[in-house]
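Below: entry.cif (mmCIF, C-alpha atoms)
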data_input
loop_
_atom_site.label_atom_id
_atom_site.label_comp_id
_atom_site.auth_asym_id
_atom_site.auth_seq_id
_atom_site.Cartn_x
_atom_site.Cartn_y
_atom_site.Cartn_z
CA MET F 1 -4.50 26.12 -29.52
CA ILE F 2 -3.89 22.83 -31.33
CA PHE F 3 -1.82 21.58 -28.40
CA LEU F 4 -4.64 22.43 -25.99
CA VAL F 5 -7.21 20.61 -28.14
CA ALA F 6 -4.95 17.56 -28.41
CA LEU F 7 -4.33 17.55 -24.66
CA ILE F 8 -8.05 17.77 -23.89
CA THR F 9 -8.74 14.97 -26.40
CA SER F 10 -6.10 12.76 -24.78
CA LEU F 11 -7.51 13.40 -21.32
CA LEU F 12 -11.03 12.60 -22.48
CA PHE F 13 -9.76 9.42 -24.11
CA GLY F 14 -8.02 8.41 -20.90
CA VAL F 15 -11.15 9.07 -18.85
CA PHE F 16 -13.21 7.03 -21.32
CA VAL F 17 -10.77 4.10 -21.13
CA PHE F 18 -10.67 4.30 -17.32
CA ALA F 19 -14.48 4.26 -17.17
CA LEU F 20 -14.65 1.25 -19.46
CA LEU F 21 -12.01 -0.63 -17.48
CA ASN F 22 -13.79 -0.02 -14.17
CA LEU F 23 -17.20 -0.84 -15.57
CA ARG F 24 -17.01 -4.44 -14.42
CA GLN F 25 -16.05 -3.60 -10.86
CA ALA F 26 -18.80 -0.97 -10.33
CA PRO F 27 -21.73 -3.38 -9.69
CA GLU F 28 -19.75 -5.47 -7.20
CA ALA F 29 -18.64 -2.32 -5.39
CA GLN F 30 -22.20 -1.02 -5.17
CA LEU F 31 -23.47 -4.39 -3.93
CA ARG F 32 -20.71 -4.56 -1.32
CA LYS F 33 -21.42 -1.00 -0.16
CA ARG F 34 -25.15 -1.64 0.20
CA LEU F 35 -24.60 -4.89 2.05
CA ASN F 36 -22.19 -3.18 4.45
CA ASP F 37 -24.73 -0.38 5.03
CA MET F 38 -27.44 -2.94 5.78
CA ILE F 39 -25.14 -4.82 8.16
CA ASP F 40 -24.24 -1.58 9.96
CA LYS F 41 -27.92 -0.68 10.23
CA ALA F 42 -28.77 -4.12 11.62
CA GLU F 43 -25.97 -3.89 14.18
CA ALA F 44 -27.15 -0.43 15.21
CA ASP F 45 -30.71 -1.70 15.68
CA ARG F 46 -29.42 -4.65 17.69
CA ALA F 47 -27.42 -2.26 19.90
CA LEU F 48 -30.52 -0.11 20.51
CA HIS F 49 -32.65 -3.17 21.36
CA PRO F 50 -30.33 -5.58 23.19
CA ARG F 51 -33.17 -7.52 24.87
CA GLN F 52 -34.88 -8.40 21.63
CA ARG F 53 -35.44 -12.12 21.10
CA LYS F 54 -32.64 -13.87 19.26
CA ASN F 55 -34.96 -16.13 17.27
CA VAL F 56 -36.60 -13.22 15.47
CA THR F 57 -35.91 -13.47 11.78
CA PRO F 58 -34.24 -10.25 10.59
CA THR F 59 -35.61 -8.42 7.60
CA VAL F 60 -32.15 -7.97 6.16
CA VAL F 61 -32.04 -11.50 4.77
CA ALA F 62 -34.26 -10.76 1.77
CA MET F 63 -32.58 -7.48 0.89
CA PRO F 64 -29.51 -8.77 -1.01
CA LYS F 65 -31.77 -10.35 -3.65
CA ILE F 66 -33.49 -7.02 -4.23
CA VAL F 67 -30.14 -5.28 -4.46
CA GLU F 68 -28.82 -7.88 -6.91
CA GLN F 69 -31.92 -7.50 -9.10
CA GLU F 70 -31.59 -3.74 -9.14
CA ILE F 71 -27.90 -3.84 -9.97
CA SER F 72 -28.49 -6.48 -12.65
CA ARG F 73 -31.06 -4.22 -14.29
CA GLN F 74 -28.65 -1.29 -14.17
CA THR F 75 -25.78 -3.26 -15.68
CA ALA F 76 -27.71 -5.27 -18.28
CA LEU F 77 -27.02 -2.72 -21.01
CA ALA F 78 -23.36 -2.47 -20.05
CA LYS F 79 -22.89 -6.24 -20.16
CA ARG F 80 -24.63 -6.55 -23.52
CA VAL F 81 -22.98 -3.61 -25.27
CA PHE F 82 -19.74 -2.51 -23.67
CA GLN F 83 -18.38 -5.73 -22.16
CA PRO F 84 -17.99 -7.61 -25.49
CA ILE F 85 -16.25 -4.59 -26.98
CA ILE F 86 -13.83 -4.37 -24.03
CA ASN F 87 -13.11 -8.10 -24.16
CA ALA F 88 -12.48 -7.97 -27.92
CA ILE F 89 -10.09 -5.02 -27.51
CA ASP F 90 -8.25 -6.77 -24.66
CA GLU F 91 -7.90 -9.98 -26.66
CA ARG F 92 -6.64 -8.21 -29.80
CA LEU F 93 -4.12 -6.08 -27.89
CA GLN F 94 -2.85 -9.12 -26.00
CA ARG F 95 -2.18 -10.89 -29.30
CA LEU F 96 -0.33 -7.87 -30.71
CA THR F 97 1.80 -7.33 -27.60
CA PRO F 98 5.33 -8.83 -27.77
CA THR F 99 5.91 -11.89 -25.65
CA GLU F 100 8.71 -10.29 -23.61
CA ILE F 101 6.53 -7.32 -22.65
CA ARG F 102 3.70 -9.66 -21.73
CA LEU F 103 5.99 -11.74 -19.51
CA GLN F 104 7.40 -8.64 -17.83
CA LEU F 105 3.94 -7.28 -17.07
CA GLU F 106 2.86 -10.65 -15.71
CA ASP F 107 5.94 -10.78 -13.48
CA LYS F 108 5.27 -7.25 -12.19
CA ILE F 109 1.66 -8.13 -11.37
CA PHE F 110 2.84 -11.30 -9.62
CA ARG F 111 5.41 -9.44 -7.51
CA ALA F 112 2.93 -6.66 -6.70
CA GLY F 113 0.62 -9.22 -5.11
CA LYS F 114 -2.21 -8.39 -7.52
CA LEU F 115 -2.41 -11.77 -9.25
CA GLY F 116 -6.11 -12.48 -9.69
CA VAL F 117 -6.98 -8.82 -8.97
CA TRP F 118 -5.33 -7.12 -11.94
CA GLY F 119 -5.91 -9.03 -15.15
CA LEU F 120 -3.02 -9.29 -17.59
CA ARG F 121 -5.19 -8.38 -20.57
CA ARG F 122 -6.53 -5.31 -18.81
CA VAL F 123 -3.02 -4.13 -17.87
CA ILE F 124 -1.89 -4.61 -21.48
CA THR F 125 -4.85 -2.48 -22.61
CA ILE F 126 -3.86 0.28 -20.19
CA TRP F 127 -0.25 0.06 -21.43
CA CYS F 128 -1.35 0.46 -25.06
CA ALA F 129 -3.64 3.35 -24.14
CA SER F 130 -0.76 5.05 -22.34
CA ILE F 131 1.43 4.70 -25.44
CA ALA F 132 -1.34 6.22 -27.57
CA VAL F 133 -1.82 9.16 -25.19
CA GLY F 134 1.94 9.85 -25.03
CA THR F 135 2.19 9.75 -28.81
CA VAL F 136 -0.76 12.13 -29.25
CA ILE F 137 0.71 14.61 -26.80
CA ALA F 138 4.09 14.46 -28.55
CA VAL F 139 2.44 15.00 -31.96
CA ALA F 140 0.55 17.99 -30.55
CA MET F 141 3.81 19.46 -29.23
CA VAL F 142 5.65 19.24 -32.57
CA TYR F 143 2.66 20.11 -34.76
CA ASN F 144 3.00 23.41 -36.60
CA THR F 145 6.46 24.09 -35.16
CA ASP F 146 9.45 25.19 -37.18
CA ILE F 147 11.88 22.38 -36.32
CA HIS F 148 13.73 19.77 -38.33
CA PRO F 149 11.69 16.66 -39.35
CA LEU F 150 14.22 14.43 -37.62
CA GLN F 151 13.64 16.33 -34.37
CA ARG F 152 9.90 15.86 -34.80
CA ILE F 153 10.35 12.13 -35.22
CA MET F 154 12.59 11.94 -32.18
CA THR F 155 10.08 13.92 -30.09
CA ILE F 156 7.24 11.60 -31.12
CA LEU F 157 9.36 8.55 -30.30
CA ILE F 158 10.25 10.01 -26.91
CA GLY F 159 6.56 10.66 -26.21
CA ALA F 160 5.67 7.08 -27.11
CA PHE F 161 8.54 5.78 -24.95
CA VAL F 162 7.42 7.86 -21.96
CA GLY F 163 3.85 6.65 -22.41
CA ALA F 164 5.08 3.05 -22.51
CA ALA F 165 7.27 3.54 -19.42
CA ILE F 166 4.57 5.07 -17.18
CA PRO F 167 2.65 1.78 -16.49
CA PHE F 168 5.93 0.00 -15.72
CA ALA F 169 6.88 2.85 -13.37
CA VAL F 170 3.54 2.53 -11.58
CA LEU F 171 3.96 -1.24 -11.24
CA ASN F 172 7.54 -0.85 -9.97
CA SER F 173 6.37 1.72 -7.43
CA THR F 174 3.63 -0.67 -6.27
CA VAL F 175 6.17 -3.47 -5.89
CA ARG F 176 8.56 -1.25 -3.91
CA ASN F 177 5.83 0.00 -1.58
CA ARG F 178 4.63 -3.55 -0.99
CA GLN F 179 8.15 -4.78 -0.25
CA LYS F 180 8.64 -1.88 2.15
CA ALA F 181 5.43 -2.81 4.00
CA LEU F 182 6.48 -6.49 4.09
CA ARG F 183 9.91 -5.63 5.45
CA LYS F 184 8.37 -3.41 8.12
CA GLN F 185 5.83 -6.02 9.30
CA LEU F 186 8.06 -9.09 9.17
CA PRO F 187 10.05 -8.61 12.46
CA GLU F 188 6.90 -8.15 14.54
CA PHE F 189 5.24 -11.12 12.88
CA LEU F 190 8.22 -13.39 13.54
CA ASP F 191 8.47 -12.29 17.17
CA ILE F 192 4.82 -13.12 17.84
CA LEU F 193 5.12 -16.35 15.85
CA CYS F 194 8.16 -17.42 17.88
CA VAL F 195 6.37 -16.67 21.17
CA SER F 196 3.29 -18.60 20.03
CA VAL F 197 5.35 -21.66 19.04
CA GLN F 198 7.25 -21.49 22.33
CA ALA F 199 3.89 -21.46 24.14
CA GLY F 200 3.06 -24.87 22.65
CA LEU F 201 1.29 -24.17 19.37
CA SER F 202 2.34 -25.81 16.13
CA PHE F 203 3.64 -23.73 13.24
CA ASP F 204 0.38 -23.95 11.29
CA GLY F 205 -1.71 -23.29 14.40
CA ALA F 206 0.32 -20.21 15.33
CA VAL F 207 0.13 -18.87 11.77
CA GLY F 208 -3.63 -19.47 11.64
CA LYS F 209 -4.21 -17.66 14.94
CA MET F 210 -2.11 -14.68 13.83
CA VAL F 211 -3.78 -14.53 10.43
CA ARG F 212 -7.18 -14.20 12.09
CA ARG F 213 -6.05 -11.33 14.34
CA MET F 214 -3.64 -9.29 12.22
CA HIS F 215 -3.86 -7.37 8.98
CA GLY F 216 -1.41 -6.28 6.31
CA PRO F 217 0.25 -7.48 3.09
CA LEU F 218 2.34 -10.07 4.92
CA ILE F 219 -0.78 -11.47 6.58
CA ASP F 220 -2.44 -11.69 3.17
CA GLU F 221 0.49 -13.75 1.88
CA PHE F 222 0.27 -16.14 4.83
CA LYS F 223 -3.49 -16.43 4.26
CA ARG F 224 -2.82 -17.41 0.68
CA MET F 225 -0.17 -19.88 1.85
CA GLN F 226 -2.67 -21.50 4.21
CA ASN F 227 -5.25 -21.68 1.43
CA ASP F 228 -2.70 -23.41 -0.81
CA ILE F 229 -1.95 -25.93 1.92
CA ALA F 230 -5.67 -26.52 2.48
CA LEU F 231 -6.06 -27.26 -1.24
CA GLY F 232 -3.45 -30.03 -1.03
CA MET F 233 -0.17 -28.22 -1.68
CA THR F 234 2.86 -29.22 0.37
CA HIS F 235 4.42 -26.91 2.93
CA GLN F 236 7.61 -26.64 0.91
CA TYR F 237 5.86 -25.64 -2.30
CA ALA F 238 3.50 -23.21 -0.54
CA LEU F 239 6.36 -21.49 1.31
CA THR F 240 8.44 -21.30 -1.88
CA ASN F 241 5.56 -19.70 -3.77
CA MET F 242 5.04 -17.19 -0.97
CA ALA F 243 8.73 -16.22 -1.08
CA ARG F 244 8.54 -15.79 -4.87
CA ARG F 245 5.49 -13.55 -4.57
CA CYS F 246 7.11 -11.38 -1.90
CA ASP F 247 10.53 -11.32 -3.65
CA LEU F 248 12.28 -10.22 -0.46
CA GLU F 249 15.58 -11.57 0.83
CA GLU F 250 14.41 -11.76 4.44
CA ILE F 251 11.38 -13.87 3.51
CA TYR F 252 13.57 -16.12 1.35
CA LEU F 253 15.78 -16.74 4.39
CA PHE F 254 12.77 -17.38 6.64
CA THR F 255 11.05 -19.84 4.29
CA THR F 256 14.32 -21.67 3.57
CA SER F 257 15.03 -22.13 7.28
CA VAL F 258 11.48 -23.40 7.95
CA ILE F 259 11.69 -25.86 5.05
CA GLN F 260 15.06 -27.15 6.26
CA ALA F 261 13.74 -27.52 9.83
CA GLU F 262 10.81 -29.59 8.58
CA LYS F 263 13.04 -31.76 6.41
CA LEU F 264 15.75 -32.37 9.00
CA GLY F 265 13.38 -32.62 11.97
CA THR F 266 15.12 -29.96 14.02
CA SER F 267 13.43 -27.84 16.65
CA MET F 268 11.01 -25.36 15.07
CA THR F 269 11.15 -23.18 18.19
CA ARG F 270 14.93 -22.78 17.97
CA THR F 271 14.73 -22.11 14.22
CA LEU F 272 12.08 -19.43 14.62
CA LYS F 273 14.02 -17.84 17.51
CA GLN F 274 17.16 -17.60 15.38
CA GLN F 275 15.23 -16.24 12.42
CA ALA F 276 13.43 -13.67 14.56
CA ASP F 277 16.73 -12.40 15.95
CA ASN F 278 18.33 -12.40 12.51
CA ILE F 279 15.43 -10.54 10.86
CA ARG F 280 15.34 -8.03 13.71
CA ASP F 281 19.07 -7.32 13.25
CA ARG F 282 18.68 -7.01 9.48
CA HIS F 283 15.75 -4.63 9.93
CA ARG F 284 17.78 -2.52 12.34
CA GLN F 285 20.66 -2.35 9.86
CA HIS F 286 18.27 -1.44 7.07
CA VAL F 287 16.82 1.41 9.12
CA LYS F 288 20.31 2.68 9.92
CA GLY F 289 21.21 2.55 6.23
CA GLU F 290 18.11 4.54 5.32
CA ALA F 291 18.96 7.09 8.02
CA LEU F 292 22.48 7.51 6.60
CA LYS F 293 20.97 8.22 3.17
CA ALA F 294 18.87 11.09 4.52
CA PRO F 295 21.62 13.79 4.38
CA VAL F 296 22.33 12.96 0.74
CA LYS F 297 18.65 13.13 -0.14
CA MET F 298 18.32 16.50 1.61
CA ILE F 299 20.93 18.17 -0.58
CA PHE F 300 18.70 18.64 -3.63
CA PRO F 301 15.73 20.22 -1.76
CA MET F 302 18.15 22.49 0.09
CA VAL F 303 19.85 23.61 -3.15
CA LEU F 304 16.53 24.16 -4.95
CA PHE F 305 14.41 25.74 -2.21
CA ILE F 306 16.34 26.70 0.93
CA PHE F 307 19.59 28.17 -0.41
CA PRO F 308 17.92 30.59 -2.88
CA SER F 309 15.72 32.03 -0.15
CA MET F 310 18.75 32.37 2.16
CA PHE F 311 20.71 34.14 -0.58
CA VAL F 312 17.81 36.51 -1.18
CA VAL F 313 17.50 37.33 2.53
CA LEU F 314 21.25 37.77 3.05
CA LEU F 315 22.40 39.32 -0.23
CA PHE F 316 19.41 41.43 -1.27
CA PRO F 317 20.04 44.23 1.31
CA ALA F 318 23.73 44.35 0.39
CA VAL F 319 22.91 44.53 -3.32
CA LEU F 320 20.39 47.35 -2.70
CA SER F 321 22.89 49.36 -0.67
CA LEU F 322 25.55 48.80 -3.34
CA LEU F 323 23.23 49.99 -6.10
CA ARG F 324 22.21 52.99 -4.03
CA ASN F 325 25.83 53.96 -3.45
CA LEU F 326 26.68 53.54 -7.12
CA SER F 327 23.73 55.67 -8.21
CA GLY F 328 24.61 58.34 -5.61
CA GLY F 329 28.21 58.41 -6.75
CA GLN F 330 27.18 59.00 -10.37
#
Represent the structure contained in this file as structure tokens.
Amino acid sequence: MIFLVALITSLLFGVFVFALLNLRQAPEAQLRKRLNDMIDKAEADRALHPRQRKNVTPTVVAMPKIVEQEISRQTALAKRVFQPIINAIDERLQRLTPTEIRLQLEDKIFRAGKLGVWGLRRVITIWCASIAVGTVIAVAMVYNTDIHPLQRIMTILIGAFVGAAIPFAVLNSTVRNRQKALRKQLPEFLDILCVSVQAGLSFDGAVGKMVRRMHGPLIDEFKRMQNDIALGMTHQYALTNMARRCDLEEIYLFTTSVIQAEKLGTSMTRTLKQQADNIRDRHRQHVKGEALKAPVKMIFPMVLFIFPSMFVVLLFPAVLSLLRNLSGGQ
């Protein structure tokens, strides 16, 4: 009973923390949703009345101000009451967090491509809340149990360690999934980029045209690279930063070859052709390696799920007949 109460309390605490952390993003999400609905409605009306005069002023122009006023009234209490509390908690927890943990979390956010989307202070708050929830669950498990005090301490420490490891596991999983998507999209991107440069476009022009017509995490990185260049950053520094954010060997090779081609003045078309062929071969080898790992990964599901059912189907009739013969013989 005590364990159930502690578990419910921990879940309620987690829901409360999640609601507080997403409180800031709710108004922007509502505003974006309403604006998209109004745009869809305007496009539907325009499709129903294609011959309507183009100089007619649409009534959708004045709607965003009304939506902003409504959302501002809804979130006035939240900004006055809850937001200072959340900011104070974030600031205090960031000061108490060790520097190494803070640097590791910042590096994980950077490699996950969420820099500017996930705040470091907010991630630290979630990490501390996860430690608290894991500790509470461990205390509830060892409470009122007849075990040695040292075992209780070890169980509580293990619970706190698991709670501290869960946010890092989520960040590592996000980084791996992002790298997998980057590796999958890179060969196609380089092939189209090579064809565009061979057709006469410059490197920046080909990248800009592809960025406007394609989507994906790799395209987002090239968009950010172009924004950095537009703000005055050099090609070398922008490409190096993009490679550091992606943290993928293939992208390191691509950016290094492009930087060397710009420095030495060699043909960009030949460089991109070589890189496209190289990345395509590396991707093919990576896929073959993943295919060779499949039989090893299938062993554990087969042992846990398939073999027991096969043993039941094959051995159960023989065991029944054996028991029947033994009972008849007695």
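Shell of Val170 in chain F at 12 Å, with all atoms listed in the file counted and residues fewer than 2 places along the chain excluded, is F:Leu105, F:Lys108, F:Ile109, F:Ala112, F:Val123, F:Ile126, F:Trp127, F:Ser130, F:Gly163, F:Ala164, F:Ala165, F:Ile166, F:Pro167, F:Phe168, F:Asn172, F:Ser173, F:Thr174, F:Val175, F:Arg176, F:Asn177.
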Which residue out of F:Glu91, F:Asp146, F:Glu262, F:Asp191 has the minimum interatomic distance to Leu120 in chain F when only C-alpha atoms are used?
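With only C-alpha atoms as the atom set, the closest residue is F:Glu91.
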Determine the residue membership of the PyMOL selection byres ((chain F and resi 211) around 12) for the file above and supply it as a list in words.
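So the PyMOL selection byres ((chain F and resi 211) around 12), applied here, picks out Phe189, Ile192, Leu193, Asp204, Gly205, Ala206, Val207, Gly208, Lys209, Met210, Arg212, Arg213, Met214, His215, Gly216, Pro217, Leu218, Ile219, Asp220, Glu221, Phe222, Lys223, Arg224, Met225, Gln226 and Asn227 of chain F.
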Ground truth for the PyMOL selection byres ((chain F and resi 128) around 12), written as an MDAnalysis selection string:
chainID F and resid 14 17 89:90 92:94 96:98 101:102 121:127 129:135 160:168
Could you tell me how far CA of Thr269 in chain F sits from CA of Val197 in chain F, in Å to one decimal place?
6.1 Å
Grab the CA of Ala291 in chain F to CA of Cys246 in chain F distance for me, in Å with one decimal place.
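Answer for the CA of Ala291 in chain F to CA of Cys246 in chain F separation: 24.1 Å.
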Students should find that CA of Cys194 in chain F and CA of Ile259 in chain F are spaced 15.8 Å
So, with all atoms listed in the file as the atoms that count, which of F:Met242, F:Ile156, F:Leu248, F:Ala276 lies closest to Glu188 in chain F?
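The closest residue to Glu188 in chain F is F:Ala276.
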Extract, using all atoms listed in the file, all DNA, RNA and protein residues at most 12 Å from Tyr237 in chain F, discarding same-chain residues fewer than 2 positions from it, and format them as a list in words.
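Contacts, with the query itself left out: Met225, Gln226, Asp228, Ile229, Gly232, Met233, Thr234, His235, Leu239, Thr240, Asn241, Met242, Ala243, Arg244, Thr255, Thr256, Val258 and Ile259 of chain F.
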Centre, edges in Å (one decimal): axis-aligned box, range 111-118 of chain F, 8 Å padding on all six sides, as lines of an AutoDock Vina configuration file:
center_x = -0.8
center_y = -9.6
center_z = -8.5
size_x = 28.4
size_y = 21.8
size_z = 22.8
